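The file start.cif contains mmCIF, C-alpha atoms and all ligand atoms; chains and numbers go by the auth columns:
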```
data_target
loop_
_atom_site.group_PDB
_atom_site.id
_atom_site.type_symbol
_atom_site.label_atom_id
_atom_site.label_comp_id
_atom_site.label_asym_id
_atom_site.label_seq_id
_atom_site.Cartn_x
_atom_site.Cartn_y
_atom_site.Cartn_z
_atom_site.B_iso_or_equiv
_atom_site.auth_seq_id
_atom_site.auth_asym_id
ATOM 1 C CA MET A 1 28.015 -3.194 -11.188 0.00 14 P
ATOM 2 C CA LYS A 2 24.485 -2.033 -10.422 0.00 15 P
ATOM 3 C CA THR A 3 22.275 -4.669 -8.822 0.00 16 P
ATOM 4 C CA GLY A 4 18.532 -4.463 -8.306 0.00 17 P
ATOM 5 C CA VAL A 5 16.785 -6.776 -5.861 0.00 18 P
ATOM 6 C CA TYR A 6 13.231 -7.649 -6.856 0.00 19 P
ATOM 7 C CA ALA A 7 11.674 -9.010 -3.689 0.00 20 P
ATOM 8 C CA GLY A 8 8.280 -10.648 -3.534 0.00 21 P
ATOM 9 C CA SER A 9 6.436 -13.843 -2.774 0.00 22 P
ATOM 10 C CA PHE A 10 6.132 -14.898 -6.451 0.00 23 P
ATOM 11 C CA ASP A 11 3.698 -17.702 -5.581 0.00 24 P
ATOM 12 C CA PRO A 12 3.833 -18.224 -8.540 0.00 25 P
ATOM 13 C CA ILE A 13 5.649 -15.748 -10.809 0.00 26 P
ATOM 14 C CA THR A 14 3.260 -14.187 -13.391 0.00 27 P
ATOM 15 C CA PHE A 15 3.518 -12.179 -16.610 0.00 28 P
ATOM 16 C CA GLY A 16 2.979 -9.088 -14.418 0.00 29 P
ATOM 17 C CA HIS A 17 6.215 -9.824 -12.527 0.00 30 P
ATOM 18 C CA LEU A 18 7.960 -10.577 -15.828 0.00 31 P
ATOM 19 C CA ASP A 19 6.915 -7.217 -17.212 0.00 32 P
ATOM 20 C CA ILE A 20 8.478 -5.426 -14.225 0.00 33 P
ATOM 21 C CA LEU A 21 11.622 -7.540 -14.634 0.00 34 P
ATOM 22 C CA ASN A 22 11.994 -6.789 -18.334 0.00 35 P
ATOM 23 C CA ARG A 23 11.880 -3.095 -17.583 0.00 36 P
ATOM 24 C CA ALA A 24 14.196 -3.343 -14.564 0.00 37 P
ATOM 25 C CA GLU A 25 16.779 -5.144 -16.693 0.00 38 P
ATOM 26 C CA LYS A 26 17.250 -1.950 -18.687 0.00 39 P
ATOM 27 C CA LEU A 27 18.279 -0.089 -15.551 0.00 40 P
ATOM 28 C CA PHE A 28 20.406 -2.678 -13.744 0.00 41 P
ATOM 29 C CA ASP A 29 23.395 -4.830 -14.727 0.00 42 P
ATOM 30 C CA GLU A 30 22.039 -7.655 -12.615 0.00 43 P
ATOM 31 C CA VAL A 31 18.628 -8.367 -11.133 0.00 44 P
ATOM 32 C CA ILE A 32 18.195 -10.707 -8.184 0.00 45 P
ATOM 33 C CA ILE A 33 14.725 -12.154 -7.756 0.00 46 P
ATOM 34 C CA LEU A 34 14.428 -12.608 -4.033 0.00 47 P
ATOM 35 C CA VAL A 35 11.727 -15.091 -3.107 0.00 48 P
ATOM 36 C CA ALA A 36 10.285 -14.297 0.297 0.00 49 P
ATOM 37 C CA GLU A 37 7.602 -15.595 2.590 0.00 50 P
ATOM 38 C CA ASN A 38 4.523 -13.398 2.940 0.00 51 P
ATOM 39 C CA LYS A 39 2.725 -14.263 6.152 0.00 52 P
ATOM 40 C CA ARG A 40 -0.428 -12.471 4.956 0.00 53 P
ATOM 41 C CA LYS A 41 -0.817 -14.878 2.054 0.00 54 P
ATOM 42 C CA LYS A 42 -1.654 -18.562 1.898 0.00 55 P
ATOM 43 C CA GLU A 43 1.217 -20.292 0.135 0.00 56 P
ATOM 44 C CA LEU A 44 0.823 -22.875 -2.612 0.00 57 P
ATOM 45 C CA PHE A 45 4.460 -23.536 -3.536 0.00 58 P
ATOM 46 C CA SER A 46 7.337 -23.761 -1.057 0.00 59 P
ATOM 47 C CA LEU A 47 10.077 -21.128 -1.322 0.00 60 P
ATOM 48 C CA GLU A 48 12.459 -23.654 -2.922 0.00 61 P
ATOM 49 C CA GLU A 49 9.790 -24.737 -5.433 0.00 62 P
ATOM 50 C CA ARG A 50 9.204 -21.109 -6.403 0.00 63 P
ATOM 51 C CA LYS A 51 12.954 -20.537 -6.788 0.00 64 P
ATOM 52 C CA LYS A 52 13.291 -23.562 -9.098 0.00 65 P
ATOM 53 C CA MET A 53 10.285 -22.461 -11.177 0.00 66 P
ATOM 54 C CA ILE A 54 11.722 -18.961 -11.594 0.00 67 P
ATOM 55 C CA GLU A 55 15.141 -20.370 -12.523 0.00 68 P
ATOM 56 C CA LYS A 56 13.472 -22.413 -15.247 0.00 69 P
ATOM 57 C CA VAL A 57 11.768 -19.313 -16.663 0.00 70 P
ATOM 58 C CA PHE A 58 15.040 -17.353 -16.669 0.00 71 P
ATOM 59 C CA GLU A 59 17.450 -20.139 -17.590 0.00 72 P
ATOM 60 C CA LYS A 60 18.650 -18.235 -20.660 0.00 73 P
ATOM 61 C CA LYS A 61 19.080 -14.898 -18.928 0.00 74 P
ATOM 62 C CA GLU A 62 22.459 -14.457 -17.287 0.00 75 P
ATOM 63 C CA LYS A 63 21.527 -11.101 -15.806 0.00 76 P
ATOM 64 C CA VAL A 64 18.764 -12.604 -13.682 0.00 77 P
ATOM 65 C CA LYS A 65 19.552 -14.589 -10.531 0.00 78 P
ATOM 66 C CA THR A 66 17.194 -16.128 -8.008 0.00 79 P
ATOM 67 C CA GLU A 67 17.638 -16.413 -4.249 0.00 80 P
ATOM 68 C CA VAL A 68 15.469 -17.274 -1.270 0.00 81 P
ATOM 69 C CA LEU A 69 15.225 -14.766 1.562 0.00 82 P
ATOM 70 C CA ASP A 70 15.948 -16.094 5.018 0.00 83 P
ATOM 71 C CA GLY A 71 15.133 -13.447 7.633 0.00 84 P
ATOM 72 C CA LEU A 72 14.563 -9.741 7.181 0.00 85 P
ATOM 73 C CA LEU A 73 14.868 -8.017 3.816 0.00 86 P
ATOM 74 C CA ALA A 74 16.541 -4.956 5.383 0.00 87 P
ATOM 75 C CA ASP A 75 19.249 -7.206 6.912 0.00 88 P
ATOM 76 C CA TYR A 76 19.759 -9.092 3.637 0.00 89 P
ATOM 77 C CA MET A 77 20.279 -5.802 1.775 0.00 90 P
ATOM 78 C CA LYS A 78 22.800 -4.626 4.388 0.00 91 P
ATOM 79 C CA GLU A 79 24.662 -7.917 4.496 0.00 92 P
ATOM 80 C CA LYS A 80 24.949 -8.219 0.698 0.00 93 P
ATOM 81 C CA LYS A 81 25.610 -4.478 0.309 0.00 94 P
ATOM 82 C CA HIS A 82 22.731 -4.023 -2.112 0.00 95 P
ATOM 83 C CA THR A 83 21.029 -0.637 -2.337 0.00 96 P
ATOM 84 C CA PHE A 84 18.223 -0.890 -4.867 0.00 97 P
ATOM 85 C CA LEU A 85 14.980 -2.652 -4.142 0.00 98 P
ATOM 86 C CA ILE A 86 12.607 -3.155 -7.070 0.00 99 P
ATOM 87 C CA ARG A 87 8.831 -3.236 -6.631 0.00 100 P
ATOM 88 C CA GLY A 88 5.912 -3.033 -9.015 0.00 101 P
ATOM 89 C CA LEU A 89 2.810 -0.876 -8.723 0.00 102 P
ATOM 90 C CA ARG A 90 -0.581 -1.831 -10.071 0.00 103 P
ATOM 91 C CA ALA A 91 -3.913 -0.456 -8.892 0.00 104 P
ATOM 92 C CA ILE A 92 -4.163 2.230 -6.200 0.00 105 P
ATOM 93 C CA SER A 93 -4.585 -0.501 -3.593 0.00 106 P
ATOM 94 C CA ASP A 94 -0.888 -1.417 -4.005 0.00 107 P
ATOM 95 C CA PHE A 95 0.212 2.057 -3.004 0.00 108 P
ATOM 96 C CA ASP A 96 -0.675 1.896 0.671 0.00 109 P
ATOM 97 C CA TYR A 97 0.918 -1.528 1.091 0.00 110 P
ATOM 98 C CA GLU A 98 4.084 -0.465 -0.748 0.00 111 P
ATOM 99 C CA LEU A 99 4.316 2.735 1.292 0.00 112 P
ATOM 100 C CA GLN A 100 4.171 0.709 4.529 0.00 113 P
ATOM 101 C CA HIS A 101 7.009 -1.511 3.321 0.00 114 P
ATOM 102 C CA PHE A 102 9.002 1.425 2.005 0.00 115 P
ATOM 103 C CA THR A 103 8.726 3.173 5.382 0.00 116 P
ATOM 104 C CA ILE A 104 9.641 0.173 7.516 0.00 117 P
ATOM 105 C CA ASN A 105 12.547 -0.761 5.239 0.00 118 P
ATOM 106 C CA LYS A 106 13.883 2.816 5.433 0.00 119 P
ATOM 107 C CA GLN A 107 13.691 2.700 9.226 0.00 120 P
ATOM 108 C CA LEU A 108 15.536 -0.603 9.383 0.00 121 P
ATOM 109 C CA ASN A 109 18.115 0.219 6.716 0.00 122 P
ATOM 110 C CA GLU A 110 18.400 3.815 5.592 0.00 123 P
ATOM 111 C CA ASN A 111 20.542 2.873 2.593 0.00 124 P
ATOM 112 C CA ILE A 112 17.725 1.084 0.776 0.00 125 P
ATOM 113 C CA GLU A 113 16.383 2.934 -2.252 0.00 126 P
ATOM 114 C CA THR A 114 13.124 1.501 -3.545 0.00 127 P
ATOM 115 C CA VAL A 115 12.557 1.791 -7.291 0.00 128 P
ATOM 116 C CA PHE A 116 8.941 1.449 -8.437 0.00 129 P
ATOM 117 C CA PHE A 117 7.863 0.428 -11.890 0.00 130 P
ATOM 118 C CA MET A 118 4.293 0.963 -13.007 0.00 131 P
ATOM 119 C CA THR A 119 2.753 -2.083 -14.565 0.00 132 P
ATOM 120 C CA GLU A 120 1.564 -2.153 -18.163 0.00 133 P
ATOM 121 C CA PRO A 121 -2.232 -1.699 -18.222 0.00 134 P
ATOM 122 C CA GLU A 122 -2.763 -5.258 -19.450 0.00 135 P
ATOM 123 C CA TYR A 123 -1.289 -6.589 -16.186 0.00 136 P
ATOM 124 C CA PHE A 124 -3.058 -4.153 -13.905 0.00 137 P
ATOM 125 C CA TYR A 125 -5.325 -6.755 -12.339 0.00 138 P
ATOM 126 C CA LEU A 126 -3.027 -9.732 -12.577 0.00 139 P
ATOM 127 C CA ASN A 127 -1.795 -11.193 -9.313 0.00 140 P
ATOM 128 C CA SER A 128 -0.646 -14.584 -8.048 0.00 141 P
ATOM 129 C CA SER A 129 -3.830 -15.180 -6.031 0.00 142 P
ATOM 130 C CA LEU A 130 -5.955 -14.773 -9.161 0.00 143 P
ATOM 131 C CA VAL A 131 -3.694 -17.225 -10.986 0.00 144 P
ATOM 132 C CA LYS A 132 -4.098 -19.785 -8.173 0.00 145 P
ATOM 133 C CA GLU A 133 -7.880 -19.368 -8.218 0.00 146 P
ATOM 134 C CA MET A 134 -8.030 -19.765 -11.977 0.00 147 P
ATOM 135 C CA ALA A 135 -5.740 -22.789 -11.877 0.00 148 P
ATOM 136 C CA ALA A 136 -7.830 -24.462 -9.168 0.00 149 P
ATOM 137 C CA LEU A 137 -10.924 -24.045 -11.334 0.00 150 P
ATOM 138 C CA GLY A 138 -9.147 -25.426 -14.393 0.00 151 P
ATOM 139 C CA GLY A 139 -9.169 -22.052 -16.195 0.00 152 P
ATOM 140 C CA ASN A 140 -6.956 -21.049 -19.104 0.00 153 P
ATOM 141 C CA LEU A 141 -3.661 -19.609 -17.820 0.00 154 P
ATOM 142 C CA LYS A 142 -1.979 -18.837 -21.158 0.00 155 P
ATOM 143 C CA GLU A 143 -2.288 -15.058 -20.776 0.00 156 P
ATOM 144 C CA LEU A 144 -1.314 -15.079 -17.109 0.00 157 P
ATOM 145 C CA VAL A 145 1.854 -17.159 -16.604 0.00 158 P
ATOM 146 C CA PRO A 146 4.676 -18.706 -18.697 0.00 159 P
ATOM 147 C CA GLU A 147 4.099 -22.251 -19.918 0.00 160 P
ATOM 148 C CA ALA A 148 6.553 -23.824 -17.453 0.00 161 P
ATOM 149 C CA ILE A 149 4.634 -22.256 -14.556 0.00 162 P
ATOM 150 C CA GLU A 150 1.276 -23.377 -15.953 0.00 163 P
ATOM 151 C CA LYS A 151 2.625 -26.927 -16.073 0.00 164 P
ATOM 152 C CA LYS A 152 3.742 -26.799 -12.417 0.00 165 P
ATOM 153 C CA LEU A 153 0.399 -25.357 -11.327 0.00 166 P
ATOM 154 C CA LYS A 154 -1.467 -28.164 -13.039 0.00 167 P
ATOM 155 C CA GLU A 155 0.835 -30.757 -11.467 0.00 168 P
ATOM 156 C CA LYS A 156 0.404 -29.240 -8.014 0.00 169 P
ATOM 157 C CA LEU A 157 -3.363 -28.998 -8.247 0.00 170 P
ATOM 158 C CA GLY A 158 -3.815 -32.283 -10.047 0.00 171 P
ATOM 159 C CA LYS A 159 -5.589 -30.622 -12.992 0.00 172 P
HETATM 160 P P1 LIG B . 4.446 -9.578 -2.096 0.00 1 F
HETATM 161 O O1 LIG B . 3.697 -10.696 -1.447 0.00 1 F
HETATM 162 O O2 LIG B . 5.757 -9.240 -1.434 0.00 1 F
HETATM 163 O O3 LIG B . 3.632 -8.355 -2.411 0.00 1 F
HETATM 164 P P2 LIG B . 4.174 -10.382 -4.858 0.00 1 F
HETATM 165 O O4 LIG B . 4.805 -11.563 -5.497 0.00 1 F
HETATM 166 O O5 LIG B . 2.703 -10.371 -4.715 0.00 1 F
HETATM 167 O O6 LIG B . 4.904 -10.220 -3.489 0.00 1 F
HETATM 168 O O7 LIG B . 4.624 -9.067 -5.607 0.00 1 F
HETATM 169 C C1 LIG B . 5.964 -8.659 -5.703 0.00 1 F
HETATM 170 C C2 LIG B . 6.007 -7.276 -6.330 0.00 1 F
HETATM 171 O O8 LIG B . 5.564 -7.376 -7.684 0.00 1 F
HETATM 172 C C3 LIG B . 5.107 -6.252 -5.668 0.00 1 F
HETATM 173 O O9 LIG B . 5.742 -4.979 -5.686 0.00 1 F
HETATM 174 C C4 LIG B . 3.875 -6.242 -6.532 0.00 1 F
HETATM 175 O O10 LIG B . 3.195 -5.007 -6.477 0.00 1 F
HETATM 176 C C5 LIG B . 4.493 -6.492 -7.894 0.00 1 F
HETATM 177 N N1 LIG B . 3.536 -7.101 -8.815 0.00 1 F
HETATM 178 C C6 LIG B . 2.828 -8.226 -8.663 0.00 1 F
HETATM 179 N N2 LIG B . 2.008 -8.462 -9.717 0.00 1 F
HETATM 180 C C7 LIG B . 2.219 -7.419 -10.572 0.00 1 F
HETATM 181 C C8 LIG B . 1.650 -7.038 -11.829 0.00 1 F
HETATM 182 N N3 LIG B . 0.677 -7.732 -12.407 0.00 1 F
HETATM 183 N N4 LIG B . 2.121 -5.924 -12.399 0.00 1 F
HETATM 184 C C9 LIG B . 3.060 -5.186 -11.784 0.00 1 F
HETATM 185 N N5 LIG B . 3.619 -5.470 -10.596 0.00 1 F
HETATM 186 C C10 LIG B . 3.193 -6.561 -9.996 0.00 1 F
#
```

Starting from the coordinates I provided, produce the structure as structure tokens.
Ligand code: ADP
Amino acid sequence: MKTGVYAGSFDPITFGHLDILNRAEKLFDEVIILVAENKRKKELFSLEERKKMIEKVFEKKEKVKTEVLDGLLADYMKEKKHTFLIRGLRAISDFDYELQHFTINKQLNENIETVFFMTEPEYFYLNSSLVKEMAALGGNLKELVPEAIEKKLKEKLGK
């Protein structure tokens, strides 16, 4: 059984993440969405809220599971005996950040193999921060996130 771990902050999950997931599903028997804290980013939803929202989006997909990361990703991968880490690449600016993570993860756990998927051009500039900004301003989110996520954003922001 080949498992891919798609780690990220997913605050909230967007159509860009979903695109990477759809493609990763073709390569792996099981994909675990691993919701992690990102100290560089200001969080809107708690880790448990994000997990529940993702579970709702994938309720009909048996291949996709959701977990919350507690501690270091490299340790989680070792402990669970997972090898493949999934990440997505958008604009050039992602590359440097992903390379830093790739390097540190390799140093901490040499068994990790990171698999990168290039985003579809239509999602090139889509990210969770943009979604939060748009939601706060009452913008239309139809093209950015699934309906269930849009609903949660509106609830959270009182829009
Ligand atoms: P992190 O805070 O760990 O970067 P994110 O939730 O922002 O977590 O992203 C998780 C992964 O998904 C990253 O590899 C990121 O590059 C990728 N990703 C995010 N948005 C998109 C998108 N629109 N298209 C493709 N990949 C994306």

Report as JSON lines the residues of chain P within 9 Å of ligand LIG 1 (chain F), each with its shortest atom pair and distance in Å (one decimal), using all atoms listed in the file, ordered by chain and increasing residue number.
```
{"residue": "P:Tyr19", "atom": "CA", "partner": "F:LIG1", "partner_atom": "C2", "distance": 7.3}
{"residue": "P:Ala20", "atom": "CA", "partner": "F:LIG1", "partner_atom": "C1", "distance": 6.1}
{"residue": "P:Gly21", "atom": "CA", "partner": "F:LIG1", "partner_atom": "O6", "distance": 3.4}
{"residue": "P:Ser22", "atom": "CA", "partner": "F:LIG1", "partner_atom": "O4", "distance": 3.9}
{"residue": "P:Phe23", "atom": "CA", "partner": "F:LIG1", "partner_atom": "O4", "distance": 3.7}
{"residue": "P:Asp24", "atom": "CA", "partner": "F:LIG1", "partner_atom": "O4", "distance": 6.2}
{"residue": "P:Pro25", "atom": "CA", "partner": "F:LIG1", "partner_atom": "O4", "distance": 7.4}
{"residue": "P:Ile26", "atom": "CA", "partner": "F:LIG1", "partner_atom": "O4", "distance": 6.8}
{"residue": "P:Thr27", "atom": "CA", "partner": "F:LIG1", "partner_atom": "N2", "distance": 6.9}
{"residue": "P:Phe28", "atom": "CA", "partner": "F:LIG1", "partner_atom": "N3", "distance": 6.7}
{"residue": "P:Gly29", "atom": "CA", "partner": "F:LIG1", "partner_atom": "N3", "distance": 3.3}
{"residue": "P:His30", "atom": "CA", "partner": "F:LIG1", "partner_atom": "C7", "distance": 5.1}
{"residue": "P:Leu31", "atom": "CA", "partner": "F:LIG1", "partner_atom": "N4", "distance": 8.2}
{"residue": "P:Asp32", "atom": "CA", "partner": "F:LIG1", "partner_atom": "N4", "distance": 6.9}
{"residue": "P:Ile33", "atom": "CA", "partner": "F:LIG1", "partner_atom": "C9", "distance": 5.9}
{"residue": "P:Val48", "atom": "CA", "partner": "F:LIG1", "partner_atom": "O4", "distance": 8.1}
{"residue": "P:Ala49", "atom": "CA", "partner": "F:LIG1", "partner_atom": "O2", "distance": 7.0}
{"residue": "P:Glu50", "atom": "CA", "partner": "F:LIG1", "partner_atom": "O1", "distance": 7.5}
{"residue": "P:Asn51", "atom": "CA", "partner": "F:LIG1", "partner_atom": "O1", "distance": 5.2}
{"residue": "P:Lys52", "atom": "CA", "partner": "F:LIG1", "partner_atom": "O1", "distance": 8.5}
{"residue": "P:Arg53", "atom": "CA", "partner": "F:LIG1", "partner_atom": "O1", "distance": 7.8}
{"residue": "P:Lys54", "atom": "CA", "partner": "F:LIG1", "partner_atom": "O1", "distance": 7.1}
{"residue": "P:Ile99", "atom": "CA", "partner": "F:LIG1", "partner_atom": "O9", "distance": 7.2}
{"residue": "P:Arg100", "atom": "CA", "partner": "F:LIG1", "partner_atom": "O9", "distance": 3.7}
{"residue": "P:Gly101", "atom": "CA", "partner": "F:LIG1", "partner_atom": "N5", "distance": 3.7}
{"residue": "P:Leu102", "atom": "CA", "partner": "F:LIG1", "partner_atom": "O10", "distance": 4.7}
{"residue": "P:Arg103", "atom": "CA", "partner": "F:LIG1", "partner_atom": "C9", "distance": 5.2}
{"residue": "P:Ala104", "atom": "CA", "partner": "F:LIG1", "partner_atom": "O10", "distance": 8.8}
{"residue": "P:Asp107", "atom": "CA", "partner": "F:LIG1", "partner_atom": "O10", "distance": 6.0}
{"residue": "P:Phe108", "atom": "CA", "partner": "F:LIG1", "partner_atom": "O10", "distance": 8.4}
{"residue": "P:Tyr110", "atom": "CA", "partner": "F:LIG1", "partner_atom": "O3", "distance": 8.1}
{"residue": "P:Glu111", "atom": "CA", "partner": "F:LIG1", "partner_atom": "O9", "distance": 6.9}
{"residue": "P:Phe129", "atom": "CA", "partner": "F:LIG1", "partner_atom": "O9", "distance": 7.7}
{"residue": "P:Phe130", "atom": "CA", "partner": "F:LIG1", "partner_atom": "N5", "distance": 7.4}
{"residue": "P:Met131", "atom": "CA", "partner": "F:LIG1", "partner_atom": "C9", "distance": 6.4}
{"residue": "P:Thr132", "atom": "CA", "partner": "F:LIG1", "partner_atom": "C9", "distance": 4.2}
{"residue": "P:Glu133", "atom": "CA", "partner": "F:LIG1", "partner_atom": "N4", "distance": 6.9}
{"residue": "P:Pro134", "atom": "CA", "partner": "F:LIG1", "partner_atom": "N4", "distance": 8.4}
{"residue": "P:Glu135", "atom": "CA", "partner": "F:LIG1", "partner_atom": "N3", "distance": 8.2}
{"residue": "P:Tyr136", "atom": "CA", "partner": "F:LIG1", "partner_atom": "N3", "distance": 4.4}
{"residue": "P:Phe137", "atom": "CA", "partner": "F:LIG1", "partner_atom": "N3", "distance": 5.4}
{"residue": "P:Tyr138", "atom": "CA", "partner": "F:LIG1", "partner_atom": "N3", "distance": 6.1}
{"residue": "P:Leu139", "atom": "CA", "partner": "F:LIG1", "partner_atom": "N3", "distance": 4.2}
{"residue": "P:Asn140", "atom": "CA", "partner": "F:LIG1", "partner_atom": "N2", "distance": 4.7}
{"residue": "P:Ser141", "atom": "CA", "partner": "F:LIG1", "partner_atom": "O5", "distance": 6.3}
{"residue": "P:Ser142", "atom": "CA", "partner": "F:LIG1", "partner_atom": "O5", "distance": 8.2}
{"residue": "P:Leu157", "atom": "CA", "partner": "F:LIG1", "partner_atom": "N3", "distance": 8.9}
```

Ground truth for the PyMOL selection byres (((chain P and resi 77) around 9) and not hetatm), written as number ranges by chain: P: 34, 38, 43-46, 68, 71-76, 78-79

For Leu40 (chain P), the nearest of the candidates P:Gly17, P:Leu98, P:Asp109, P:Leu57, counting all atoms listed in the file: P:Gly17

Chain and number of each residue from the PyMOL selection byres (((chain P and resi 91) around 10) and not hetatm), as number ranges by chain: P: 86-90, 92-96, 121-125

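Using all atoms listed in the file, the smallest distance between any of P:Glu146, P:Asp83, P:Glu156, P:Asp42 and Lys55 (chain P) comes from P:Glu146.
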
Nearest to Pro159 (chain P), chosen from P:Leu60, P:Val128, P:Val144, P:Leu47, with only C-alpha atoms counted in the distances: P:Val144

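Matched in the shown structure by the PyMOL selection byres (((chain P and resi 147-153) around 8) and not hetatm): P:Leu143, P:Val144, P:Lys145, P:Glu146, P:Leu154, P:Lys155, P:Glu156, P:Leu166, P:Lys167, P:Leu170, P:Lys172.
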
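Counting from CA of Lys15 (chain P), the distance to CA of Phe41 (chain P) is 5.3 Å.
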
Return as AutoDock Vina command-line options the centre and edge lengths, in Å with one decimal, of the box along x, y and z that encloses every atom of region 97-100 of chain P in the file, padded by 5 Å per side.
```
--center_x 13.5 --center_y -2.1 --center_z -5.6 --size_x 19.4 --size_y 12.3 --size_z 12.9
```

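Computed from the coordinates, the CA of Glu163 (chain P) to CA of Phe58 (chain P) distance equals 12.8 Å.
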